[in-house]
file model17.cif (mmCIF, C-alpha atoms)
data_final
loop_
_atom_site.label_atom_id
_atom_site.label_comp_id
_atom_site.auth_asym_id
_atom_site.auth_seq_id
_atom_site.Cartn_x
_atom_site.Cartn_y
_atom_site.Cartn_z
CA MET A 1 132.83 14.78 -123.14
CA SER A 2 133.19 11.03 -122.71
CA LEU A 3 132.78 9.25 -119.41
CA GLU A 4 136.50 8.51 -119.38
CA GLN A 5 137.39 12.17 -119.72
CA VAL A 6 135.06 13.10 -116.89
CA THR A 7 136.68 10.49 -114.67
CA LYS A 8 140.11 11.77 -115.53
CA ALA A 9 139.15 15.34 -114.75
CA ASP A 10 137.85 14.18 -111.37
CA GLN A 11 141.26 13.02 -110.19
CA PRO A 12 142.23 14.65 -106.88
CA ALA A 13 145.62 15.86 -108.13
CA THR A 14 144.04 18.94 -109.66
CA ASP A 15 141.26 19.21 -107.14
CA ASP A 16 143.03 19.93 -103.89
CA GLU A 17 142.16 22.84 -101.66
CA ALA A 18 144.64 25.10 -103.45
CA MET A 19 142.38 25.11 -106.52
CA LEU A 20 139.49 26.48 -104.46
CA VAL A 21 141.32 29.76 -103.82
CA ARG A 22 143.10 31.30 -106.78
CA VAL A 23 144.35 34.58 -108.15
CA GLN A 24 145.02 34.06 -111.83
CA ARG A 25 145.52 35.97 -115.06
CA GLU A 26 143.50 33.68 -117.32
CA ASP A 27 139.73 33.50 -117.52
CA PHE A 28 137.87 30.72 -115.72
CA SER A 29 135.06 28.40 -116.73
CA ILE A 30 132.06 28.72 -114.44
CA ASP A 31 130.96 25.16 -115.30
CA GLU A 32 134.36 23.80 -114.41
CA GLU A 33 134.47 25.68 -111.12
CA LEU A 34 130.94 24.58 -110.24
CA ARG A 35 131.94 20.96 -110.90
CA ARG A 36 135.00 21.44 -108.71
CA VAL A 37 132.79 22.58 -105.81
CA ARG A 38 130.08 19.95 -106.34
CA ARG A 39 132.65 17.15 -106.27
CA ARG A 40 133.59 18.13 -102.71
CA SER A 41 130.50 16.63 -101.09
CA LYS A 42 127.32 14.72 -101.84
CA ARG A 43 125.61 16.57 -99.03
CA ILE A 44 125.44 19.79 -101.06
CA GLY A 45 121.84 20.77 -101.76
CA GLY A 46 122.10 24.49 -102.52
CA ILE A 47 124.73 26.52 -104.34
CA ALA A 48 124.91 30.31 -104.51
CA MET A 49 127.24 32.02 -106.91
CA PHE A 50 128.46 35.56 -107.44
CA LEU A 51 130.13 36.50 -110.70
CA GLY A 52 131.67 39.94 -111.06
CA THR A 53 132.23 41.18 -114.62
CA ALA A 54 133.85 44.22 -116.19
CA ARG A 55 131.33 46.94 -117.03
CA ASP A 56 131.88 49.83 -119.41
CA ARG A 57 130.76 52.55 -117.02
CA SER A 58 132.10 53.75 -113.66
CA LYS A 59 130.84 56.72 -111.67
CA GLY A 60 129.16 58.11 -114.79
CA LYS A 61 132.25 57.77 -116.99
CA ASP A 62 133.00 55.45 -119.88
CA VAL A 63 135.49 52.68 -119.20
CA ASP A 64 137.35 50.99 -122.07
CA GLY A 65 139.10 48.32 -120.03
CA ILE A 66 140.37 47.45 -116.58
CA THR A 67 143.71 46.27 -115.22
CA PHE A 68 143.87 44.52 -111.87
CA GLU A 69 147.04 44.45 -109.82
CA HIS A 70 147.41 42.25 -106.75
CA TYR A 71 149.87 41.72 -103.94
CA GLU A 72 151.14 38.22 -104.67
CA GLY A 73 151.09 36.16 -101.51
CA MET A 74 148.99 38.48 -99.37
CA ALA A 75 146.06 38.41 -101.80
CA GLN A 76 146.01 34.61 -101.75
CA LYS A 77 146.38 34.61 -97.97
CA LYS A 78 143.35 36.89 -97.53
CA LEU A 79 141.25 34.84 -99.95
CA ARG A 80 142.15 31.66 -98.04
CA GLU A 81 141.07 33.36 -94.82
CA ILE A 82 137.76 34.32 -96.43
CA ARG A 83 137.12 30.75 -97.56
CA GLU A 84 137.98 29.32 -94.14
CA ARG A 85 135.89 31.86 -92.24
CA ALA A 86 132.91 31.45 -94.56
CA ILE A 87 132.96 27.69 -93.98
CA LYS A 88 133.40 28.05 -90.23
CA ASP A 89 131.02 30.94 -89.55
CA PHE A 90 128.19 30.22 -91.98
CA GLY A 91 128.00 26.46 -91.79
CA VAL A 92 128.46 25.95 -95.51
CA ILE A 93 130.13 22.89 -96.95
CA GLU A 94 132.49 24.44 -99.48
CA VAL A 95 133.46 27.87 -100.78
CA LEU A 96 135.44 28.71 -103.89
CA VAL A 97 137.03 32.15 -104.33
CA LEU A 98 138.70 33.24 -107.58
CA HIS A 99 139.95 36.62 -108.74
CA ARG A 100 141.65 37.52 -111.99
CA TYR A 101 144.47 40.00 -112.44
CA GLY A 102 146.04 41.71 -115.43
CA GLU A 103 144.17 43.31 -118.28
CA ILE A 104 140.46 42.58 -118.47
CA THR A 105 138.30 43.40 -121.46
CA ILE A 106 134.85 44.91 -120.90
CA GLY A 107 132.31 42.13 -120.39
CA GLU A 108 134.84 39.58 -119.18
CA ASN A 109 134.78 37.70 -115.88
CA ILE A 110 136.68 39.22 -112.97
CA VAL A 111 135.70 37.46 -109.78
CA LEU A 112 133.83 34.30 -108.86
CA ILE A 113 132.50 33.18 -105.49
CA ILE A 114 130.69 29.87 -105.13
CA ALA A 115 129.18 28.88 -101.79
CA ALA A 116 127.74 25.39 -101.42
CA ALA A 117 125.63 24.28 -98.49
CA GLU A 118 123.00 21.76 -97.52
CA HIS A 119 120.34 24.47 -97.91
CA ARG A 120 120.05 27.71 -99.83
CA ALA A 121 119.87 30.13 -96.91
CA GLU A 122 123.44 29.44 -95.70
CA ALA A 123 124.70 29.41 -99.27
CA PHE A 124 123.26 32.87 -100.01
CA ARG A 125 124.54 34.31 -96.74
CA ALA A 126 128.05 32.92 -97.13
CA CYS A 127 128.27 34.04 -100.75
CA GLN A 128 127.23 37.61 -99.98
CA TRP A 129 129.53 37.83 -96.98
CA ALA A 130 132.48 36.44 -98.94
CA ILE A 131 132.25 38.96 -101.78
CA ASP A 132 131.75 41.87 -99.37
CA GLU A 133 134.67 40.73 -97.25
CA MET A 134 136.84 40.19 -100.31
CA LYS A 135 136.32 43.79 -101.36
CA GLN A 136 137.30 45.00 -97.89
CA ILE A 137 140.40 43.00 -97.06
CA THR A 138 142.01 41.70 -100.25
CA PRO A 139 144.97 43.67 -101.63
CA ILE A 140 143.80 43.95 -105.21
CA TRP A 141 143.77 47.24 -107.08
CA LYS A 142 141.78 48.33 -110.09
CA LEU A 143 143.06 50.63 -112.82
CA GLU A 144 140.28 51.85 -115.09
CA HIS A 145 141.16 52.86 -118.63
CA THR A 146 138.92 55.73 -119.72
CA PRO A 147 138.96 58.01 -122.78
CA GLU A 148 140.43 60.70 -120.47
CA GLY A 149 143.22 58.51 -119.12
CA GLU A 150 143.89 55.89 -116.48
CA VAL A 151 142.49 56.09 -112.96
CA TRP A 152 143.27 53.96 -109.91
CA VAL A 153 139.92 53.23 -108.36
CA GLU A 154 139.78 54.06 -104.68
CA GLU A 155 136.38 53.13 -103.48
CA HIS A 156 133.38 51.26 -104.61
CA PRO A 157 130.16 51.66 -102.65
CA MET B 1 167.96 48.89 -95.43
CA VAL B 2 164.30 48.04 -95.65
CA THR B 3 162.75 47.15 -98.98
CA ILE B 4 159.17 48.24 -99.42
CA GLN B 5 156.86 46.92 -102.11
CA LEU B 6 154.61 49.43 -103.83
CA PHE B 7 151.27 48.93 -105.53
CA GLY B 8 148.72 50.92 -107.50
CA MET B 9 148.86 54.66 -106.98
CA THR B 10 151.81 54.50 -104.56
CA LYS B 11 153.93 53.00 -107.32
CA MET B 12 152.91 55.85 -109.59
CA LEU B 13 153.66 58.46 -106.90
CA ALA B 14 157.15 57.01 -106.48
CA GLY B 15 157.90 57.51 -110.17
CA ASN B 16 156.74 54.05 -111.26
CA GLN B 17 159.13 52.16 -109.04
CA GLY B 18 157.92 48.79 -107.80
CA THR B 19 160.02 48.93 -104.64
CA LEU B 20 161.72 51.46 -102.39
CA SER B 21 164.86 50.78 -100.40
CA LEU B 22 165.11 52.98 -97.34
CA ALA B 23 167.55 53.21 -94.47
CA LEU B 24 166.06 53.51 -90.99
CA HIS B 25 168.32 55.51 -88.68
CA ASP B 26 166.00 56.86 -86.02
CA GLY B 27 163.94 53.98 -84.78
CA ARG B 28 162.64 50.87 -86.48
CA ARG B 29 158.93 51.13 -85.87
CA VAL B 30 156.36 51.49 -88.63
CA LYS B 31 155.86 55.16 -87.71
CA ASP B 32 159.61 55.76 -88.15
CA LEU B 33 159.38 54.19 -91.57
CA VAL B 34 156.45 56.48 -92.38
CA SER B 35 158.57 59.51 -91.40
CA VAL B 36 161.36 58.43 -93.73
CA ILE B 37 158.91 57.90 -96.58
CA ASP B 38 157.27 61.25 -95.84
CA ALA B 39 160.62 63.04 -96.18
CA ALA B 40 161.48 61.33 -99.48
CA TYR B 41 158.01 61.10 -101.02
CA PRO B 42 155.73 63.75 -99.48
CA LYS B 43 152.72 62.76 -101.59
CA ILE B 44 152.87 59.18 -100.33
CA GLY B 45 153.60 60.50 -96.85
CA GLU B 46 150.42 62.53 -96.90
CA LEU B 47 148.35 59.48 -97.86
CA LEU B 48 150.02 57.49 -95.09
CA GLN B 49 149.24 60.21 -92.54
CA LYS B 50 145.61 60.22 -93.63
CA LYS B 51 145.56 56.38 -93.40
CA LYS B 52 144.50 56.20 -97.02
CA VAL B 53 147.60 54.16 -97.62
CA LEU B 54 148.37 51.48 -95.05
CA VAL B 55 151.60 49.73 -94.20
CA SER B 56 151.69 45.96 -94.13
CA VAL B 57 154.41 43.91 -92.49
CA ASN B 58 154.63 40.24 -93.35
CA GLN B 59 151.33 40.42 -95.23
CA GLU B 60 149.29 41.83 -92.35
CA ILE B 61 148.20 45.45 -91.83
CA ALA B 62 150.67 46.85 -89.31
CA HIS B 63 150.12 49.13 -86.32
CA GLU B 64 152.36 52.22 -86.27
CA ASP B 65 154.21 50.96 -83.19
CA LEU B 66 155.14 47.61 -84.72
CA GLU B 67 158.89 47.13 -85.05
CA VAL B 68 160.23 46.36 -88.50
CA ASN B 69 162.96 43.74 -88.46
CA ASP B 70 165.50 42.74 -91.09
CA GLY B 71 163.96 40.34 -93.54
CA ASP B 72 160.39 41.49 -92.87
CA GLU B 73 158.19 41.82 -95.94
CA VAL B 74 156.97 45.43 -95.99
CA ALA B 75 154.47 46.95 -98.43
CA LEU B 76 152.43 50.11 -98.89
CA LEU B 77 148.79 49.36 -99.60
CA PRO B 78 146.64 52.02 -101.27
CA PRO B 79 142.84 51.68 -100.96
CA PHE B 80 141.73 48.31 -102.31
CA ALA B 81 139.67 48.06 -105.47
CA GLY B 82 136.55 47.04 -103.66
CA GLY B 83 136.25 49.48 -100.83
CA SER B 84 137.84 51.60 -98.17
CA HIS B 85 140.22 50.14 -95.64
CA ARG B 86 138.35 48.83 -92.65
CA SER B 87 140.77 49.55 -89.83
CA THR B 88 144.41 49.75 -88.98
CA ARG B 89 144.06 47.56 -85.91
#
call {"tool": "encode", "arguments": {"input": "model17.cif", "output": "structure tokens"}}
result
Amino acid sequence: MSLEQVTKADQPATDDEAMLVRVQREDFSIDEELRRVRRRSKRIGGIAMFLGTARDRSKGKDVDGITFEHYEGMAQKKLREIRERAIKDFGVIEVLVLHRYGEITIGENIVLIIAAAEHRAEAFRACQWAIDEMKQITPIWKLEHTPEGEVWVEEHP
Amino acid sequence: MVTIQLFGMTKMLAGNQGTLSLALHDGRRVKDLVSVIDAAYPKIGELLQKKKVLVSVNQEIAHEDLEVNDGDEVALLPPFAGGSHRSTR
């Protein structure tokens, strides 16, 4: 990538706060999302990341694929709340929260949390809290496709 | 009439409908809505009674005494992918 392209990609039009919280069908680039977070502040000194991917096994059963359904509007609202609370309560500089919906192939990315702070301790804490909280309060549902049929997943320890 | 959005297993239990339109005659609180759903869709009603499925009004989990007004956005929320519901507040 040339220097010009990098500069173009850094324009604020595509880098507003809305891009830091997204529910989207398409896959995401971890590098691109990391750059998006790093651009937010030069004070960042530690970044923790959680990437959730689609595994081929669930509760001892084979899984061929997963479909995620979300409540458009409420899902985004809850993810925005998570970002805002993580920043406020954990003293981190920036948090990015992404979740995919639709059909996901085994091995693909599902969810990404990036927490950036001055130091690692806050980044780790905020990142762990954000993914735990996301699983509790975000209206997103998982349909697992198994050889025996499709199952809506209720709980995940 | 109140239009209720359905997701996940509740959609399946309602015969793969994405929404339900229900008339509320006896009261307009969330618990009145639950009674109407229970009569029409007993399987969903049972999950609502057990609090496995929650009601949201205007994108927030609603208490059973909350009044549902015309134009409110109402949805039935089965257990989320990541874990059990925390509370009904």
call {"tool": "closest_atom_pairs", "arguments": {"input": "model17.cif", "of": "chain B", "to": "chain A", "cutoff": "12 Å", "atoms": "all atoms listed in the file", "output": "CSV"}}
result
residue,atom,partner,partner_atom,distance
B:Gln5,CA,A:Tyr71,CA,8.9
B:Leu6,CA,A:Tyr71,CA,9.1
B:Phe7,CA,A:Glu69,CA,7.5
B:Gly8,CA,A:Trp141,CA,6.2
B:Met9,CA,A:Trp152,CA,6.4
B:Thr10,CA,A:Trp152,CA,10.1
B:Lys11,CA,A:Trp152,CA,11.0
B:Met12,CA,A:Trp152,CA,9.8
B:Leu13,CA,A:Trp152,CA,11.7
B:Gly18,CA,A:Tyr71,CA,11.4
B:Lys52,CA,A:Glu154,CA,9.2
B:Val53,CA,A:Glu154,CA,10.5
B:Leu54,CA,A:Pro139,CA,10.8
B:Val55,CA,A:Pro139,CA,11.7
B:Ser56,CA,A:Met74,CA,9.5
B:Val57,CA,A:Met74,CA,10.3
B:Asn58,CA,A:Met74,CA,8.4
B:Gln59,CA,A:Met74,CA,5.1
B:Glu60,CA,A:Met74,CA,7.8
B:Ile61,CA,A:Ile137,CA,9.7
B:Glu73,CA,A:Met74,CA,10.4
B:Val74,CA,A:Met74,CA,11.1
B:Ala75,CA,A:Tyr71,CA,8.9
B:Leu76,CA,A:Tyr71,CA,10.1
B:Leu77,CA,A:Pro139,CA,7.1
B:Pro78,CA,A:Glu154,CA,7.9
B:Pro79,CA,A:Glu154,CA,5.4
B:Phe80,CA,A:Trp141,CA,5.3
B:Ala81,CA,A:Trp141,CA,4.5
B:Gly82,CA,A:Lys135,CA,4.0
B:Gly83,CA,A:Glu155,CA,4.5
B:Ser84,CA,A:Glu155,CA,5.7
B:His85,CA,A:Gln136,CA,6.3
B:Arg86,CA,A:Gln136,CA,6.6
B:Ser87,CA,A:Ile137,CA,9.8
B:Thr88,CA,A:Ile137,CA,11.3
call {"tool": "closest_residue", "arguments": {"input": "model17.cif", "among": "A:Met19, A:His145, A:Ala115, A:Asn109", "to": "Val92 (chain A)", "atoms": "only C-alpha atoms"}}
result
A:Ala115
call {"tool": "residues_around", "arguments": {"input": "model17.cif", "residues": "Gly52 (chain A)", "least_positions_apart": "6", "cutoff": "10 Å", "atoms": "all atoms listed in the file", "output": "count of residues only"}}
result
9
call {"tool": "resolve_selection", "arguments": {"input": "model17.cif", "expression": "the PyMOL selection byres ((chain B and resi 69) around 9)", "output": "list in words"}}
result
Val2, Arg28, Arg29, Glu67, Val68, Asp70, Gly71 and Asp72 of chain B
call {"tool": "axis_aligned_box", "arguments": {"input": "model17.cif", "around": "region 28-47 of chain B", "padding_each_side": "6 Å", "output": "AutoDock Vina command-line options"}}
result
--center_x 155.5 --center_y 57.3 --center_z -93.7 --size_x 26.3 --size_y 24.9 --size_z 27.7
call {"tool": "atom_distance", "arguments": {"input": "model17.cif", "atom1": "CA of His63 (chain B)", "atom2": "CA of His25 (chain B)"}}
result
19.4 Å
call {"tool": "resolve_selection", "arguments": {"input": "model17.cif", "expression": "the PyMOL selection byres ((chain B and resi 21) around 8)", "output": "ChimeraX atom specification"}}
result
/B:1-4,19-20,22-23
call {"tool": "atom_distance", "arguments": {"input": "model17.cif", "atom1": "CA of Gln128 (chain A)", "atom2": "CA of Gly102 (chain A)"}}
result
24.7 Å
call {"tool": "atom_distance", "arguments": {"input": "model17.cif", "atom1": "CA of Lys50 (chain B)", "atom2": "CA of Val30 (chain B)"}}
result
14.7 Å
call {"tool": "closest_residue", "arguments": {"input": "model17.cif", "among": "A:Val63, A:Ala117, A:Ile87, A:Val97", "to": "Glu148 (chain A)", "atoms": "all atoms listed in the file"}}
result
A:Val63
call {"tool": "decode", "arguments": {"input": "model17.cif", "residues": "chain B", "atoms": "C-alpha atoms", "output": "PDB file, in the first residue's frame"}}
result
ATOM      1  CA  MET B   1     -53.391  -3.742  17.338  1.00  0.00           C
ATOM      2  CA  VAL B   2     -49.884  -4.302  18.579  1.00  0.00           C
ATOM      3  CA  THR B   3     -47.231  -5.647  16.245  1.00  0.00           C
ATOM      4  CA  ILE B   4     -44.662  -7.878  17.873  1.00  0.00           C
ATOM      5  CA  GLN B   5     -41.347  -8.800  16.289  1.00  0.00           C
ATOM      6  CA  LEU B   6     -40.204 -12.390  16.667  1.00  0.00           C
ATOM      7  CA  PHE B   7     -36.716 -13.838  16.644  1.00  0.00           C
ATOM      8  CA  GLY B   8     -35.000 -17.211  16.794  1.00  0.00           C
ATOM      9  CA  MET B   9     -37.060 -19.990  18.310  1.00  0.00           C
ATOM     10  CA  THR B  10     -40.115 -17.784  18.914  1.00  0.00           C
ATOM     11  CA  LYS B  11     -40.371 -17.195  15.178  1.00  0.00           C
ATOM     12  CA  MET B  12     -40.258 -20.944  14.638  1.00  0.00           C
ATOM     13  CA  LEU B  13     -42.896 -21.562  17.330  1.00  0.00           C
ATOM     14  CA  ALA B  14     -45.211 -19.077  15.623  1.00  0.00           C
ATOM     15  CA  GLY B  15     -45.040 -21.009  12.360  1.00  0.00           C
ATOM     16  CA  ASN B  16     -42.097 -19.055  10.923  1.00  0.00           C
ATOM     17  CA  GLN B  17     -43.802 -15.698  11.092  1.00  0.00           C
ATOM     18  CA  GLY B  18     -41.522 -12.715  11.644  1.00  0.00           C
ATOM     19  CA  THR B  19     -44.223 -10.670  13.344  1.00  0.00           C
ATOM     20  CA  LEU B  20     -47.488 -11.136  15.215  1.00  0.00           C
ATOM     21  CA  SER B  21     -50.331  -8.637  15.211  1.00  0.00           C
ATOM     22  CA  LEU B  22     -52.459  -8.909  18.315  1.00  0.00           C
ATOM     23  CA  ALA B  23     -55.405  -6.959  19.645  1.00  0.00           C
ATOM     24  CA  LEU B  24     -55.288  -6.013  23.326  1.00  0.00           C
ATOM     25  CA  HIS B  25     -58.785  -5.842  24.814  1.00  0.00           C
ATOM     26  CA  ASP B  26     -58.259  -6.412  28.518  1.00  0.00           C
ATOM     27  CA  GLY B  27     -55.509  -4.100  29.613  1.00  0.00           C
ATOM     28  CA  ARG B  28     -52.458  -2.768  27.847  1.00  0.00           C
ATOM     29  CA  ARG B  29     -49.680  -3.858  30.147  1.00  0.00           C
ATOM     30  CA  VAL B  30     -46.939  -6.278  29.149  1.00  0.00           C
ATOM     31  CA  LYS B  31     -48.555  -9.005  31.268  1.00  0.00           C
ATOM     32  CA  ASP B  32     -51.831  -8.527  29.358  1.00  0.00           C
ATOM     33  CA  LEU B  33     -49.911  -8.947  26.137  1.00  0.00           C
ATOM     34  CA  VAL B  34     -48.353 -12.128  27.521  1.00  0.00           C
ATOM     35  CA  SER B  35     -51.853 -13.490  28.287  1.00  0.00           C
ATOM     36  CA  VAL B  36     -52.995 -12.837  24.731  1.00  0.00           C
ATOM     37  CA  ILE B  37     -49.899 -14.533  23.320  1.00  0.00           C
ATOM     38  CA  ASP B  38     -50.361 -17.439  25.723  1.00  0.00           C
ATOM     39  CA  ALA B  39     -53.902 -18.017  24.444  1.00  0.00           C
ATOM     40  CA  ALA B  40     -52.865 -17.922  20.783  1.00  0.00           C
ATOM     41  CA  TYR B  41     -49.432 -19.555  21.028  1.00  0.00           C
ATOM     42  CA  PRO B  42     -49.255 -21.711  24.180  1.00  0.00           C
ATOM     43  CA  LYS B  43     -45.688 -22.854  23.510  1.00  0.00           C
ATOM     44  CA  ILE B  44     -44.446 -19.269  23.380  1.00  0.00           C
ATOM     45  CA  GLY B  45     -46.669 -18.462  26.352  1.00  0.00           C
ATOM     46  CA  GLU B  46     -44.987 -21.151  28.396  1.00  0.00           C
ATOM     47  CA  LEU B  47     -41.529 -19.754  27.614  1.00  0.00           C
ATOM     48  CA  LEU B  48     -42.744 -16.269  28.536  1.00  0.00           C
ATOM     49  CA  GLN B  49     -44.131 -17.532  31.858  1.00  0.00           C
ATOM     50  CA  LYS B  50     -40.813 -19.203  32.630  1.00  0.00           C
ATOM     51  CA  LYS B  51     -38.990 -15.959  31.664  1.00  0.00           C
ATOM     52  CA  LYS B  52     -36.996 -17.872  29.088  1.00  0.00           C
ATOM     53  CA  VAL B  53     -38.416 -15.507  26.531  1.00  0.00           C
ATOM     54  CA  LEU B  54     -38.487 -11.838  27.485  1.00  0.00           C
ATOM     55  CA  VAL B  55     -40.570  -8.983  26.161  1.00  0.00           C
ATOM     56  CA  SER B  56     -38.845  -5.824  25.025  1.00  0.00           C
ATOM     57  CA  VAL B  57     -40.583  -2.507  24.500  1.00  0.00           C
ATOM     58  CA  ASN B  58     -38.752   0.166  22.552  1.00  0.00           C
ATOM     59  CA  GLN B  59     -35.574  -1.920  22.573  1.00  0.00           C
ATOM     60  CA  GLU B  60     -35.373  -2.343  26.345  1.00  0.00           C
ATOM     61  CA  ILE B  61     -36.361  -5.409  28.387  1.00  0.00           C
ATOM     62  CA  ALA B  62     -39.791  -4.575  29.782  1.00  0.00           C
ATOM     63  CA  HIS B  63     -41.278  -5.197  33.224  1.00  0.00           C
ATOM     64  CA  GLU B  64     -44.634  -7.004  33.182  1.00  0.00           C
ATOM     65  CA  ASP B  65     -46.428  -3.918  34.501  1.00  0.00           C
ATOM     66  CA  LEU B  66     -45.163  -1.607  31.773  1.00  0.00           C
ATOM     67  CA  GLU B  67     -47.946  -0.193  29.623  1.00  0.00           C
ATOM     68  CA  VAL B  68     -47.721  -0.788  25.889  1.00  0.00           C
ATOM     69  CA  ASN B  69     -48.732   2.243  23.855  1.00  0.00           C
ATOM     70  CA  ASP B  70     -49.613   2.608  20.193  1.00  0.00           C
ATOM     71  CA  GLY B  71     -46.493   2.918  18.126  1.00  0.00           C
ATOM     72  CA  ASP B  72     -44.272   1.173  20.681  1.00  0.00           C
ATOM     73  CA  GLU B  73     -41.738  -1.253  19.243  1.00  0.00           C
ATOM     74  CA  VAL B  74     -42.449  -4.625  20.878  1.00  0.00           C
ATOM     75  CA  ALA B  75     -40.422  -7.820  20.468  1.00  0.00           C
ATOM     76  CA  LEU B  76     -40.120 -11.276  21.996  1.00  0.00           C
ATOM     77  CA  LEU B  77     -36.538 -12.140  22.853  1.00  0.00           C
ATOM     78  CA  PRO B  78     -35.558 -15.791  23.277  1.00  0.00           C
ATOM     79  CA  PRO B  79     -32.331 -16.565  25.180  1.00  0.00           C
ATOM     80  CA  PHE B  80     -29.409 -14.789  23.539  1.00  0.00           C
ATOM     81  CA  ALA B  81     -26.686 -16.741  21.777  1.00  0.00           C
ATOM     82  CA  GLY B  82     -24.120 -16.019  24.406  1.00  0.00           C
ATOM     83  CA  GLY B  83     -25.839 -16.767  27.653  1.00  0.00           C
ATOM     84  CA  SER B  84     -28.934 -16.733  29.782  1.00  0.00           C
ATOM     85  CA  HIS B  85     -30.917 -13.578  30.339  1.00  0.00           C
ATOM     86  CA  ARG B  86     -29.580 -11.671  33.292  1.00  0.00           C
ATOM     87  CA  SER B  87     -32.729 -10.148  34.746  1.00  0.00           C
ATOM     88  CA  THR B  88     -36.086  -8.768  33.835  1.00  0.00           C
ATOM     89  CA  ARG B  89     -35.606  -5.614  35.880  1.00  0.00           C
TER      90      ARG B  89
END
